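A.B. asks: Just so it is clear, I am handing over structure-v9.cif, which has mmCIF, C-alpha atoms.
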data_work
loop_
_atom_site.label_atom_id
_atom_site.label_comp_id
_atom_site.auth_asym_id
_atom_site.auth_seq_id
_atom_site.Cartn_x
_atom_site.Cartn_y
_atom_site.Cartn_z
CA MET A 1 0.00 0.00 0.00
CA SER A 2 1.23 3.47 -0.81
CA ASN A 3 2.05 5.80 2.08
CA GLY A 4 1.15 8.87 0.08
CA ARG A 5 4.69 9.34 -1.26
CA ARG A 6 5.33 10.92 -4.60
CA GLU A 7 5.72 8.32 -7.35
CA GLY A 8 9.37 7.28 -7.53
CA SER A 9 10.27 9.37 -4.49
CA LEU A 10 11.45 8.33 -1.05
CA GLU A 11 10.34 11.61 0.50
CA ALA A 12 7.66 11.32 3.16
CA PRO A 13 4.41 13.27 2.70
CA THR A 14 4.33 16.53 4.62
CA ARG A 15 1.47 18.64 5.96
CA HIS A 16 1.61 22.41 5.70
CA PRO A 17 0.21 24.52 8.54
CA LEU A 18 -3.42 25.56 8.09
CA ASP A 19 -3.46 29.23 7.12
CA TRP A 20 -6.88 29.71 8.70
CA GLN A 21 -6.36 33.15 10.25
CA THR A 22 -5.94 35.02 6.94
CA GLU A 23 -8.76 36.66 4.98
CA GLU A 24 -7.83 34.85 1.77
CA PHE A 25 -8.46 31.49 3.42
CA TYR A 26 -12.19 32.31 3.46
CA ASP A 27 -12.38 34.27 0.20
CA GLU A 28 -14.64 32.44 -2.26
CA GLU A 29 -12.77 33.43 -5.43
CA PRO A 30 -9.35 31.95 -4.56
CA LEU A 31 -11.08 29.04 -2.83
CA PHE A 32 -13.00 28.03 -5.94
CA LYS A 33 -9.90 28.51 -8.08
CA GLU A 34 -8.05 26.02 -5.88
CA LEU A 35 -11.01 23.63 -5.77
CA GLU A 36 -11.11 23.61 -9.58
CA ARG A 37 -7.35 22.99 -9.81
CA VAL A 38 -7.40 20.09 -7.35
CA PHE A 39 -10.62 18.57 -8.71
CA ASP A 40 -9.08 18.63 -12.20
CA VAL A 41 -6.06 16.66 -10.99
CA CYS A 42 -8.25 14.21 -9.06
CA SER A 43 -10.58 13.58 -12.00
CA GLY A 44 -7.57 12.72 -14.14
CA CYS A 45 -6.04 10.39 -11.55
CA ARG A 46 -9.06 8.63 -9.95
CA ARG A 47 -6.90 6.61 -7.61
CA CYS A 48 -9.19 7.36 -4.64
CA PHE A 49 -12.43 6.19 -6.27
CA SER A 50 -13.09 3.47 -3.68
CA LEU A 51 -12.29 5.34 -0.46
CA CYS A 52 -15.56 7.15 0.22
CA ASN A 53 -18.38 8.95 -1.60
CA VAL A 54 -16.41 12.15 -2.23
CA PHE A 55 -14.62 10.94 -5.31
CA PRO A 56 -17.50 9.07 -7.01
CA THR A 57 -19.55 12.26 -6.55
CA LEU A 58 -16.83 14.28 -8.25
CA PHE A 59 -16.09 11.78 -11.01
CA ASP A 60 -19.77 11.24 -11.86
CA ALA A 61 -20.23 15.00 -12.13
CA VAL A 62 -17.26 15.29 -14.49
CA ASP A 63 -18.35 12.33 -16.63
CA GLY A 64 -21.90 13.65 -16.83
CA SER A 65 -20.91 17.16 -17.85
CA ASP A 66 -21.02 18.46 -21.43
CA THR A 67 -17.23 18.76 -21.64
CA MET A 68 -16.42 15.67 -19.55
CA GLU A 69 -13.87 17.90 -17.83
CA ILE A 70 -14.00 19.87 -14.58
CA ASP A 71 -14.82 23.09 -16.46
CA GLY A 72 -18.20 21.59 -17.34
CA VAL A 73 -19.20 20.92 -13.71
CA PRO A 74 -21.52 23.51 -12.07
CA LYS A 75 -19.98 25.18 -9.03
CA LYS A 76 -22.93 24.11 -6.85
CA VAL A 77 -21.78 20.51 -7.33
CA TYR A 78 -18.51 21.42 -5.64
CA TRP A 79 -20.47 21.68 -2.39
CA ASP A 80 -21.82 18.15 -2.84
CA VAL A 81 -18.21 16.98 -2.91
CA VAL A 82 -17.36 19.01 0.19
CA ASP A 83 -20.41 17.74 2.09
CA ASN A 84 -19.40 14.12 1.50
CA CYS A 85 -15.93 14.66 2.99
CA TYR A 86 -15.66 13.73 6.66
CA LEU A 87 -11.94 14.54 6.92
CA CYS A 88 -10.71 10.99 7.46
CA ASP A 89 -7.39 11.96 5.78
CA MET A 90 -7.01 8.58 4.10
CA CYS A 91 -6.77 10.03 0.57
CA PHE A 92 -3.77 12.06 1.72
CA MET A 93 -2.19 9.22 3.72
CA SER A 94 -2.69 6.18 1.54
CA LYS A 95 -3.54 7.05 -2.04
CA CYS A 96 -2.53 10.44 -3.41
CA PRO A 97 0.81 10.58 -5.28
CA TYR A 98 0.64 14.38 -5.48
CA VAL A 99 0.86 15.31 -1.81
CA PRO A 100 3.61 17.69 -0.66
CA PRO A 101 6.52 17.77 -1.40
CA HIS A 102 5.20 17.04 -4.92
CA GLU A 103 5.10 20.26 -6.94
CA TRP A 104 1.30 19.97 -7.33
CA ASN A 105 1.04 20.32 -3.56
CA ILE A 106 -2.31 18.60 -3.09
CA ASP A 107 -3.70 18.19 0.41
CA PHE A 108 -7.30 17.25 -0.33
CA PRO A 109 -8.52 17.07 3.29
CA GLN A 110 -7.13 20.51 4.10
CA LEU A 111 -8.85 21.93 1.03
CA MET A 112 -12.15 20.38 2.10
CA LEU A 113 -11.67 21.85 5.58
CA ARG A 114 -11.02 25.26 4.05
CA ALA A 115 -14.24 25.02 2.05
CA LYS A 116 -16.22 23.95 5.12
CA ALA A 117 -14.73 26.82 7.12
CA ALA A 118 -15.51 29.38 4.40
CA ARG A 119 -19.12 28.25 4.19
CA PHE A 120 -19.51 28.18 7.97
CA LYS A 121 -18.16 31.71 8.26
CA GLN A 122 -20.59 32.93 5.62
CA ASP A 123 -23.72 30.86 6.33
CA GLY A 124 -23.29 29.31 9.78
CA ALA A 125 -24.71 25.81 10.30
CA SER A 126 -28.09 24.09 10.55
CA ILE A 127 -29.69 23.45 13.93
CA ARG A 128 -29.00 19.74 13.51
CA ASP A 129 -25.32 20.23 12.78
CA LYS A 130 -24.97 22.61 15.71
CA VAL A 131 -26.61 20.06 18.01
CA LEU A 132 -24.51 17.14 16.76
CA SER A 133 -21.26 19.07 17.19
CA ALA A 134 -22.14 20.46 20.66
CA THR A 135 -20.99 17.33 22.46
CA ASP A 136 -20.32 18.98 25.81
CA THR A 137 -23.62 20.86 25.98
CA VAL A 138 -25.77 17.96 24.77
CA GLY A 139 -23.91 15.48 26.96
CA LYS A 140 -24.36 17.55 30.12
CA LEU A 141 -28.06 18.05 29.43
CA ALA A 142 -28.79 14.47 28.37
CA GLY A 143 -26.81 13.09 31.32
CA ILE A 144 -28.96 14.76 34.00
CA PRO A 145 -30.46 11.85 36.01
CA VAL A 146 -34.07 12.99 35.49
CA ILE A 147 -33.53 13.43 31.74
CA VAL A 148 -31.17 10.60 30.79
CA ASP A 149 -33.78 7.82 30.85
CA ALA A 150 -36.12 9.84 28.63
CA VAL A 151 -33.34 10.61 26.14
CA ASN A 152 -32.22 6.98 25.94
CA ALA A 153 -35.81 5.75 25.64
CA THR A 154 -36.47 8.20 22.80
CA ASN A 155 -33.33 7.10 20.99
CA ARG A 156 -34.45 3.46 21.26
CA SER A 157 -38.09 3.88 20.22
CA LYS A 158 -39.39 3.82 16.65
CA ILE A 159 -41.65 6.80 17.30
CA GLY A 160 -38.81 8.78 18.85
CA ARG A 161 -36.49 8.01 15.95
CA LYS A 162 -39.09 9.02 13.38
CA LEU A 163 -39.49 12.29 15.26
CA LEU A 164 -35.74 12.90 15.28
CA GLU A 165 -35.60 12.20 11.57
CA SER A 166 -38.45 14.54 10.69
CA THR A 167 -37.34 17.40 12.96
CA LEU A 168 -33.53 17.21 12.95
CA GLY A 169 -32.69 15.04 9.96
CA ILE A 170 -31.10 12.29 12.07
CA HIS A 171 -31.66 8.99 10.27
CA ARG A 172 -34.06 6.69 12.08
CA ASN A 173 -31.81 3.63 11.70
CA ALA A 174 -28.46 5.19 12.54
CA PRO A 175 -26.90 3.94 15.79
CA LEU A 176 -27.06 6.65 18.45
CA PRO A 177 -25.00 6.63 21.63
CA GLN A 178 -26.48 5.90 25.02
CA TYR A 179 -26.09 8.59 27.69
CA HIS A 180 -25.01 7.90 31.27
CA SER A 181 -25.59 10.04 34.34
CA ASN A 182 -23.03 7.86 36.14
CA THR A 183 -20.18 9.18 34.03
CA ALA A 184 -16.64 7.85 33.77
CA ARG A 185 -15.46 10.87 35.78
CA LYS A 186 -17.75 9.78 38.63
CA ARG A 187 -16.79 6.11 38.32
CA LEU A 188 -13.08 6.90 38.35
CA SER A 189 -13.14 9.67 40.93
CA HIS A 190 -10.42 7.88 42.92
CA LEU A 191 -7.97 9.02 40.24
CA LYS A 192 -8.46 12.73 40.89
CA ASN A 193 -5.52 12.92 43.29
CA GLY A 194 -3.00 11.05 41.19
CA ASP A 195 -1.64 9.17 44.18
CA GLY A 196 1.22 6.75 43.72
CA ALA A 197 4.75 7.00 42.45
CA ALA A 198 5.46 6.78 38.75
CA ALA A 199 6.36 3.41 37.28
CA SER A 200 9.85 3.02 35.93
CA PRO A 201 10.31 5.37 32.97
CA GLY A 202 10.96 3.87 29.57
CA LYS A 203 12.88 5.19 26.62
CA LYS A 204 9.85 7.15 25.40
CA THR A 205 7.40 6.94 28.33
CA ARG A 206 7.64 8.57 31.73
CA GLY A 207 5.70 5.93 33.58
CA LYS A 208 2.63 7.90 34.72
CA VAL A 209 -0.40 8.86 32.66
CA ALA A 210 -2.93 11.69 32.66
CA LEU A 211 -6.22 10.40 31.25
CA TYR A 212 -8.12 12.76 28.95
CA MET A 213 -11.42 10.89 29.00
CA THR A 214 -13.15 12.61 26.01
CA CYS A 215 -16.82 13.59 25.79
CA TYR A 216 -17.81 10.23 24.36
CA GLY A 217 -15.73 8.20 26.79
CA ASN A 218 -17.06 10.15 29.74
CA ARG A 219 -20.80 10.34 29.07
CA ASN A 220 -21.60 7.83 26.31
CA HIS A 221 -19.21 4.92 26.75
CA PRO A 222 -17.69 5.17 30.23
CA VAL A 223 -16.65 1.52 30.27
CA ILE A 224 -13.96 2.27 27.69
CA ASN A 225 -12.21 4.43 30.30
CA GLU A 226 -12.81 1.86 33.04
CA ASP A 227 -11.17 -0.84 30.91
CA LEU A 228 -8.22 1.41 30.12
CA VAL A 229 -7.67 2.24 33.78
CA ALA A 230 -7.89 -1.43 34.81
CA VAL A 231 -5.28 -2.47 32.24
CA PHE A 232 -2.89 0.39 32.99
CA GLU A 233 -3.17 -0.10 36.76
CA HIS A 234 -2.54 -3.83 36.31
CA ASN A 235 0.70 -2.83 34.63
CA GLY A 236 1.68 -0.58 37.53
CA ILE A 237 1.11 2.68 35.65
CA PRO A 238 -0.34 5.41 37.91
CA LEU A 239 -3.13 7.48 36.38
CA LEU A 240 -4.55 10.92 37.03
CA LEU A 241 -7.75 12.33 35.55
CA VAL A 242 -7.27 15.56 33.64
CA GLU A 243 -8.70 18.04 36.12
CA LYS A 244 -10.88 19.91 33.65
CA GLU A 245 -11.51 19.07 30.03
CA VAL A 246 -13.83 20.19 27.27
CA CYS A 247 -14.43 18.61 23.86
CA CYS A 248 -11.21 18.22 21.89
CA GLY A 249 -12.81 20.17 19.03
CA MET A 250 -13.01 17.47 16.38
CA PRO A 251 -16.81 17.79 15.83
CA LYS A 252 -16.44 21.55 15.37
CA LEU A 253 -13.48 21.04 13.04
CA GLU A 254 -15.56 18.74 10.82
CA LEU A 255 -18.23 21.45 10.74
CA GLY A 256 -15.70 24.11 9.72
CA ASP A 257 -16.25 26.09 12.94
CA LEU A 258 -12.58 26.87 13.51
CA ALA A 259 -13.28 29.66 16.00
CA SER A 260 -14.92 27.13 18.33
CA VAL A 261 -11.96 24.79 17.88
CA ALA A 262 -9.69 27.64 18.98
CA LYS A 263 -11.88 28.30 22.06
CA ALA A 264 -11.67 24.65 23.11
CA LYS A 265 -7.92 24.73 22.59
CA GLU A 266 -7.60 27.73 24.90
CA ILE A 267 -9.18 25.67 27.70
CA ASN A 268 -7.60 22.27 27.10
CA ILE A 269 -4.03 23.08 26.12
CA PRO A 270 -2.94 25.10 29.21
CA ILE A 271 -4.23 22.35 31.51
CA LEU A 272 -2.65 19.53 29.52
CA ALA A 273 0.63 21.38 29.05
CA ALA A 274 0.88 21.98 32.80
CA MET A 275 0.42 18.25 33.37
CA VAL A 276 3.20 17.51 30.89
CA ASP A 277 5.42 19.92 32.82
CA ASP A 278 4.61 17.92 35.97
CA GLY A 279 5.88 14.75 34.34
CA TRP A 280 2.70 13.17 33.01
CA ASP A 281 2.22 11.46 29.67
CA ILE A 282 -1.28 11.87 28.18
CA VAL A 283 -3.58 9.17 26.82
CA THR A 284 -7.10 9.34 25.37
CA PRO A 285 -9.35 6.33 24.61
CA ILE A 286 -10.77 7.66 21.32
CA PRO A 287 -8.58 7.81 18.16
CA SER A 288 -10.19 10.99 16.80
CA CYS A 289 -9.49 12.88 20.03
CA THR A 290 -5.90 11.65 20.11
CA LEU A 291 -5.47 12.78 16.50
CA MET A 292 -6.88 16.21 17.33
CA PHE A 293 -4.00 16.85 19.72
CA LYS A 294 -1.39 15.03 17.67
CA GLN A 295 -2.15 16.59 14.29
CA GLU A 296 -5.05 19.02 13.88
CA LEU A 297 -4.22 21.52 16.61
CA PRO A 298 -0.51 21.56 15.71
CA LEU A 299 -1.49 22.34 12.10
CA MET A 300 -3.76 25.15 13.25
CA PHE A 301 -1.28 26.54 15.79
CA PRO A 302 2.17 25.62 14.44
CA ASP A 303 3.99 28.30 16.45
CA ASP A 304 2.41 27.57 19.84
CA PRO A 305 4.99 25.80 22.05
CA GLU A 306 2.28 24.58 24.45
CA VAL A 307 0.43 22.85 21.61
CA ALA A 308 3.68 21.20 20.52
CA LYS A 309 4.38 20.12 24.09
CA VAL A 310 1.00 18.40 24.36
CA ARG A 311 1.42 16.83 20.90
CA ASP A 312 4.72 15.24 21.91
CA ALA A 313 3.27 13.80 25.13
CA MET A 314 0.03 12.47 23.59
CA PHE A 315 -0.35 8.72 23.01
CA ASP A 316 -2.84 6.21 21.73
CA PRO A 317 -3.32 3.74 24.62
CA PHE A 318 -2.04 0.71 22.69
CA GLU A 319 0.86 2.75 21.36
CA TYR A 320 1.75 3.50 24.98
CA LEU A 321 1.45 -0.14 26.04
CA MET A 322 3.63 -1.29 23.16
CA LEU A 323 6.33 1.23 24.07
CA ARG A 324 6.24 -0.18 27.60
CA HIS A 325 6.46 -3.71 26.20
CA LYS A 326 9.52 -2.85 24.11
CA ASP A 327 11.19 -1.66 27.30
CA GLY A 328 10.27 -4.89 29.09
CA GLN A 329 7.71 -3.10 31.27
CA LEU A 330 4.44 -4.72 30.16
CA LYS A 331 2.97 -7.64 32.07
CA THR A 332 2.15 -10.68 29.97
CA ASP A 333 0.50 -12.72 32.72
CA PHE A 334 -2.55 -13.41 30.57
CA LYS A 335 -5.09 -15.85 31.99
CA THR A 336 -7.47 -16.22 29.04
CA SER A 337 -6.84 -16.66 25.34
CA LEU A 338 -8.97 -14.60 23.00
CA GLY A 339 -9.19 -16.91 19.99
CA LYS A 340 -9.79 -15.26 16.63
CA ILE A 341 -10.42 -11.51 16.56
CA SER A 342 -11.77 -9.52 13.63
CA TYR A 343 -10.29 -6.03 14.09
CA GLN A 344 -11.33 -2.90 12.17
CA VAL A 345 -8.70 -0.15 12.25
CA PRO A 346 -10.35 3.31 12.41
CA CYS A 347 -9.19 5.87 9.86
CA HIS A 348 -8.15 8.38 12.53
CA LEU A 349 -5.91 5.74 14.06
CA ARG A 350 -4.32 4.83 10.73
CA VAL A 351 -3.57 8.51 10.10
CA GLN A 352 -1.44 8.65 13.25
CA ASN A 353 1.22 6.55 11.51
CA ILE A 354 2.05 4.49 14.58
CA GLY A 355 1.54 1.09 12.99
CA LEU A 356 -0.85 -1.63 14.15
CA LYS A 357 -0.11 -1.41 17.86
CA THR A 358 -3.55 -2.67 18.90
CA ARG A 359 -3.03 -5.84 16.87
CA ASP A 360 0.49 -6.28 18.19
CA ILE A 361 -0.59 -6.06 21.82
CA LEU A 362 -3.57 -8.40 21.40
CA GLN A 363 -1.36 -10.97 19.66
CA LEU A 364 0.81 -11.15 22.77
CA VAL A 365 -2.07 -13.10 24.31
CA PRO A 366 -1.43 -16.86 23.79
CA ASP A 367 -3.62 -18.64 21.24
CA THR A 368 -4.90 -15.36 19.85
CA GLN A 369 -5.11 -14.46 16.17
CA VAL A 370 -6.02 -10.98 14.95
CA GLU A 371 -7.39 -10.44 11.45
CA VAL A 372 -6.91 -6.80 10.51
CA ILE A 373 -9.43 -4.86 8.39
CA GLU A 374 -8.01 -1.55 7.14
CA ARG A 375 -11.20 -0.16 5.64
CA CYS A 376 -13.44 2.71 6.71
CA SER A 377 -16.50 2.01 8.85
CA GLY A 378 -18.42 4.82 7.17
CA HIS A 379 -19.43 6.27 10.53
CA ASP A 380 -16.92 9.11 10.71
CA GLY A 381 -18.14 11.51 13.33
CA THR A 382 -21.65 12.67 12.50
CA TYR A 383 -21.73 11.59 8.84
CA ALA A 384 -23.51 8.28 9.36
CA VAL A 385 -26.30 9.68 11.53
CA LYS A 386 -27.40 12.31 9.03
CA LYS A 387 -30.49 11.41 7.03
CA GLU A 388 -28.95 12.34 3.67
CA PHE A 389 -25.74 10.37 4.20
CA HIS A 390 -26.72 7.33 6.28
CA GLU A 391 -27.33 4.95 3.39
CA VAL A 392 -24.09 6.05 1.74
CA SER A 393 -22.26 5.42 5.02
CA LYS A 394 -23.64 1.89 5.07
CA LYS A 395 -22.37 1.35 1.54
CA ILE A 396 -18.90 2.52 2.58
CA ALA A 397 -19.04 0.10 5.52
CA ARG A 398 -20.12 -2.89 3.44
CA PRO A 399 -16.61 -4.24 2.72
CA VAL A 400 -15.87 -4.25 6.47
CA VAL A 401 -19.18 -5.92 7.27
CA ASN A 402 -18.52 -8.62 4.66
CA LYS A 403 -15.03 -9.30 6.00
CA VAL A 404 -16.30 -9.59 9.56
CA LYS A 405 -18.96 -12.07 8.45
CA LEU A 406 -16.48 -14.15 6.45
CA ALA A 407 -13.93 -14.18 9.29
CA GLU A 408 -16.20 -16.19 11.60
CA ALA A 409 -14.17 -14.80 14.47
CA ASP A 410 -14.78 -15.15 18.19
CA HIS A 411 -14.74 -11.37 18.63
CA PHE A 412 -15.19 -8.24 16.56
CA VAL A 413 -13.56 -5.00 17.78
CA SER A 414 -12.66 -1.49 16.71
CA ASP A 415 -10.66 1.12 18.63
CA CYS A 416 -13.50 3.55 17.85
CA PRO A 417 -16.70 2.50 19.69
CA MET A 418 -18.81 4.49 17.21
CA ALA A 419 -17.28 2.60 14.28
CA ALA A 420 -17.86 -0.67 16.14
CA GLU A 421 -21.56 0.16 16.56
CA GLN A 422 -21.89 1.01 12.87
CA ILE A 423 -20.41 -2.35 11.81
CA ALA A 424 -22.02 -4.51 14.48
CA GLN A 425 -25.45 -3.22 13.49
CA ASP A 426 -25.17 -5.33 10.31
CA VAL A 427 -23.39 -8.33 11.81
CA ALA A 428 -25.92 -10.27 13.86
CA GLU A 429 -23.41 -12.62 15.45
CA HIS A 430 -21.30 -9.87 17.05
CA GLU A 431 -21.81 -7.06 19.51
CA ALA A 432 -19.77 -3.87 19.31
CA ASN A 433 -16.65 -4.24 21.44
CA THR A 434 -13.33 -2.52 22.00
CA PRO A 435 -9.80 -3.98 22.04
CA MET A 436 -9.17 -2.69 25.58
CA SER A 437 -12.11 -4.71 26.90
CA LEU A 438 -10.62 -7.84 25.31
CA LEU A 439 -7.20 -7.10 26.79
CA ARG A 440 -8.78 -6.68 30.20
CA MET A 441 -10.55 -10.01 29.68
CA ALA A 442 -7.26 -11.67 28.75
CA TYR A 443 -5.65 -10.38 31.95
CA GLY A 444 -8.63 -11.62 33.95
CA ILE A 445 -9.05 -8.33 35.81
#
Could I get this structure in the form of structure tokens?

C.D. replies:
Amino acid sequence: MSNGRREGSLEAPTRHPLDWQTEEFYDEEPLFKELERVFDVCSGCRRCFSLCNVFPTLFDAVDGSDTMEIDGVPKKVYWDVVDNCYLCDMCFMSKCPYVPPHEWNIDFPQLMLRAKAARFKQDGASIRDKVLSATDTVGKLAGIPVIVDAVNATNRSKIGRKLLESTLGIHRNAPLPQYHSNTARKRLSHLKNGDGAAASPGKKTRGKVALYMTCYGNRNHPVINEDLVAVFEHNGIPLLLVEKEVCCGMPKLELGDLASVAKAKEINIPILAAMVDDGWDIVTPIPSCTLMFKQELPLMFPDDPEVAKVRDAMFDPFEYLMLRHKDGQLKTDFKTSLGKISYQVPCHLRVQNIGLKTRDILQLVPDTQVEVIERCSGHDGTYAVKKEFHEVSKKIARPVVNKVKLAEADHFVSDCPMAAEQIAQDVAEHEANTPMSLLRMAYGI
């Protein structure tokens, strides 16, 4: 598989900082000039046709135009292309031969983000999109004990789902997360003090971890944080909850609301940077949130030393465990084999370029085989829950669903619980599960 390198070149692909604070970034004339240039290259290459619905939308428009070239495509169709992009970054990372340092300098995801940002600045967003991206606000409201049962009941009922579809445009069959009033922060309150000495430092780890729980991991899927804590504590790694956290900003980034991303950064980064200064490494349980701190914020704020500090101390949990294992600091006292595992690798984990660390850790368990599926789940943030995109998202997920069915594995997992739900919905013999829960099972803790 290509790593996005220029044809015949050994140079690694590079990302340029996002020039989002200039007026030209949002100016429609230069934006559409760049969209036309990049779309022209893409329609001539067509290497990304099978990744998502962005490129079939573009190519069908070109092929159906009078000229059969990009100059024959109406500009309003450009927005159909933009709307189908959920910023997974896989075209940049795995397919495109024209990424920087190639002279054509194509970074398709950044261009889509620019278009989303320009439209958001001019037109704002729909009520639905504002609600879906307001994870903190919605989570706090839906998690109130008196309200949470009603919210969850509505999300499970046919009448409630029809109402959500007709009023907000949320597809009636899309998997929606459950809300918990007993949040992960409440369940893991014993970690607020960060008691306990650090474990032995490794070559790249400092032996104690600050846990950024994420909106989803705190209010929608708290068990993912409980499993992480159990595994890390079993390995003698002290943990401390990040004292105060807000959404990482990924939902707002996907909406093009870069000002809100900056506001979240101003809250999260000083707190996280101070923890790094105190000797803590940082781990999050959700790949998209990890990527936000590893890549997206550094691209938006390339000259901010605090952002860089957090980036360099941020780890995927299995990446962290594998680094400990390489230094001889991971326990392998497994009590239960896991058999055959069908494992879908989320796009936002693949983009981190850390390799298949989840697979490598799980395969340390005796009599365990992991079959890797490096294809998109089609969920991708809020894309799969929107009425107009849900069926397309299911089509994108179909190759993963078919591979899971053919694998006849004992377990199906994905590092992203939302991706797992999307796939498991069409695989009757499996429930959505996470790799950390399997690792905890293998340890018998």

A.B. asks: Taking into account only C-alpha atoms, which residue in the set A:Gln425, A:Asn53, A:Thr434, A:Asn220 is nearest to Phe318 in chain A?

C.D. replies: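 Between A:Gln425, A:Asn53, A:Thr434, A:Asn220, the residue approaching Phe318 in chain A most closely is A:Thr434.
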
A.B. asks: As an exercise, work out the distance from CA of Pro177 in chain A to CA of Asp380 in chain A in Å and give it to one decimal place.

C.D. replies: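 One can read the CA of Pro177 in chain A to CA of Asp380 in chain A distance as 13.8 Å.
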
A.B. asks: Using only C-alpha atoms, find each residue of range 22-141 of chain A with at least one atom at most 12 Å away from an atom of range 244-250 of chain A; report its shortest atom-to-atom pair and that distance in Å (one decimal), sort the rows by chain and rising residue number, and return the result as a tab-separated table.

C.D. replies:
residue	atom	partner	partner_atom	distance
A:Tyr86	CA	A:Met250	CA	10.7
A:Leu87	CA	A:Met250	CA	10.0
A:Cys88	CA	A:Met250	CA	11.3
A:Leu113	CA	A:Met250	CA	11.7
A:Leu132	CA	A:Met250	CA	11.5
A:Ser133	CA	A:Met250	CA	8.4
A:Ala134	CA	A:Cys247	CA	8.6
A:Thr135	CA	A:Cys247	CA	6.8
A:Asp136	CA	A:Cys247	CA	6.2
A:Thr137	CA	A:Cys247	CA	9.7
A:Val138	CA	A:Cys247	CA	11.4
A:Gly139	CA	A:Cys247	CA	10.5
A:Lys140	CA	A:Val246	CA	11.2

A.B. asks: Would you please work out which residue, of A:Met93, A:Leu338, A:Val261, A:Ala210, is nearest to Asp277 in chain A when using only C-alpha atoms?

C.D. replies: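 Counting only C-alpha atoms, the residue closest to Asp277 in chain A is A:Ala210.
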
A.B. asks: Return the single residue from A:Leu111, A:Ala273, A:Cys215, A:Ile282 that is closest to Val307 in chain A, with distances computed using all atoms listed in the file.

C.D. replies: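 Closest candidate: A:Ala273.
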
A.B. asks: Can you pull out the residues contacting Gln110 in chain A? Cut-off 10 Å, using all atoms listed in the file, and skip same-chain residues under 2 positions away; I want them as a list in words.

C.D. replies: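 So, after excluding close chain neighbours, the residues are Arg15, His16, Pro17, Leu18, Asp19, Leu87, Asp89, Phe92, Ile106, Asp107, Phe108, Met112, Leu113, Arg114, Ala115, Lys116 and Leu299 of chain A.
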
A.B. asks: Evaluate the PyMOL selection byres ((chain A and resi 313) around 12) against this structure - the residues, as number ranges by chain, please.

C.D. replies: A: 204-211, 269, 272-284, 290, 293-294, 306-312, 314-316, 319-320

A.B. asks: Which is closer to Lys331 in chain A than all the others in A:Ala442, A:Ile354, A:Ala384, A:Ala428, using all atoms listed in the file?

C.D. replies: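 Counting all atoms listed in the file, the residue closest to Lys331 in chain A is A:Ala442.
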
A.B. asks: Taking the file as shown, find all residues satisfying the PyMOL selection byres ((chain A and resi 42) around 12) and write them as a ChimeraX atom specification.

C.D. replies: /A:35-41,43-49,54-59,62,69-70,91-92,95-99,104,106-108

A.B. asks: Would you mind reading off the distance between CA of Pro238 in chain A and CA of Ala199 in chain A, one decimal, in Å?

C.D. replies: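 Rounded to one decimal, the two atoms are 7.0 Å apart.
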
A.B. asks: Range 180-190 of chain A from the block above, N, CA and C atoms, as a PDB file, in the first residue's frame, please?

C.D. replies:
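Result went into result.pdb, see below:
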ATOM      1  N   HIS A 180     -25.125   8.396  29.899  1.00  0.00           N
ATOM      2  CA  HIS A 180     -25.005   7.900  31.267  1.00  0.00           C
ATOM      3  C   HIS A 180     -24.918   9.076  32.243  1.00  0.00           C
ATOM      4  N   SER A 181     -25.745   9.047  33.283  1.00  0.00           N
ATOM      5  CA  SER A 181     -25.594  10.036  34.344  1.00  0.00           C
ATOM      6  C   SER A 181     -24.443   9.648  35.267  1.00  0.00           C
ATOM      7  N   ASN A 182     -24.188   8.350  35.377  1.00  0.00           N
ATOM      8  CA  ASN A 182     -23.034   7.865  36.139  1.00  0.00           C
ATOM      9  C   ASN A 182     -21.835   7.842  35.192  1.00  0.00           C
ATOM     10  N   THR A 183     -21.217   8.990  35.023  1.00  0.00           N
ATOM     11  CA  THR A 183     -20.175   9.177  34.026  1.00  0.00           C
ATOM     12  C   THR A 183     -18.875   8.488  34.429  1.00  0.00           C
ATOM     13  N   ALA A 184     -17.968   8.412  33.472  1.00  0.00           N
ATOM     14  CA  ALA A 184     -16.645   7.851  33.769  1.00  0.00           C
ATOM     15  C   ALA A 184     -15.930   8.692  34.817  1.00  0.00           C
ATOM     16  N   ARG A 185     -16.116  10.001  34.772  1.00  0.00           N
ATOM     17  CA  ARG A 185     -15.465  10.866  35.775  1.00  0.00           C
ATOM     18  C   ARG A 185     -15.954  10.523  37.175  1.00  0.00           C
ATOM     19  N   LYS A 186     -17.225  10.194  37.329  1.00  0.00           N
ATOM     20  CA  LYS A 186     -17.749   9.782  38.630  1.00  0.00           C
ATOM     21  C   LYS A 186     -17.222   8.391  38.999  1.00  0.00           C
ATOM     22  N   ARG A 187     -17.208   7.493  38.044  1.00  0.00           N
ATOM     23  CA  ARG A 187     -16.795   6.114  38.318  1.00  0.00           C
ATOM     24  C   ARG A 187     -15.314   6.026  38.679  1.00  0.00           C
ATOM     25  N   LEU A 188     -14.536   6.944  38.139  1.00  0.00           N
ATOM     26  CA  LEU A 188     -13.082   6.898  38.347  1.00  0.00           C
ATOM     27  C   LEU A 188     -12.603   8.063  39.213  1.00  0.00           C
ATOM     28  N   SER A 189     -13.466   8.504  40.107  1.00  0.00           N
ATOM     29  CA  SER A 189     -13.137   9.669  40.931  1.00  0.00           C
ATOM     30  C   SER A 189     -11.927   9.435  41.825  1.00  0.00           C
ATOM     31  N   HIS A 190     -11.600   8.170  42.085  1.00  0.00           N
ATOM     32  CA  HIS A 190     -10.421   7.876  42.921  1.00  0.00           C
ATOM     33  C   HIS A 190      -9.122   8.294  42.249  1.00  0.00           C
TER      34      HIS A 190
END
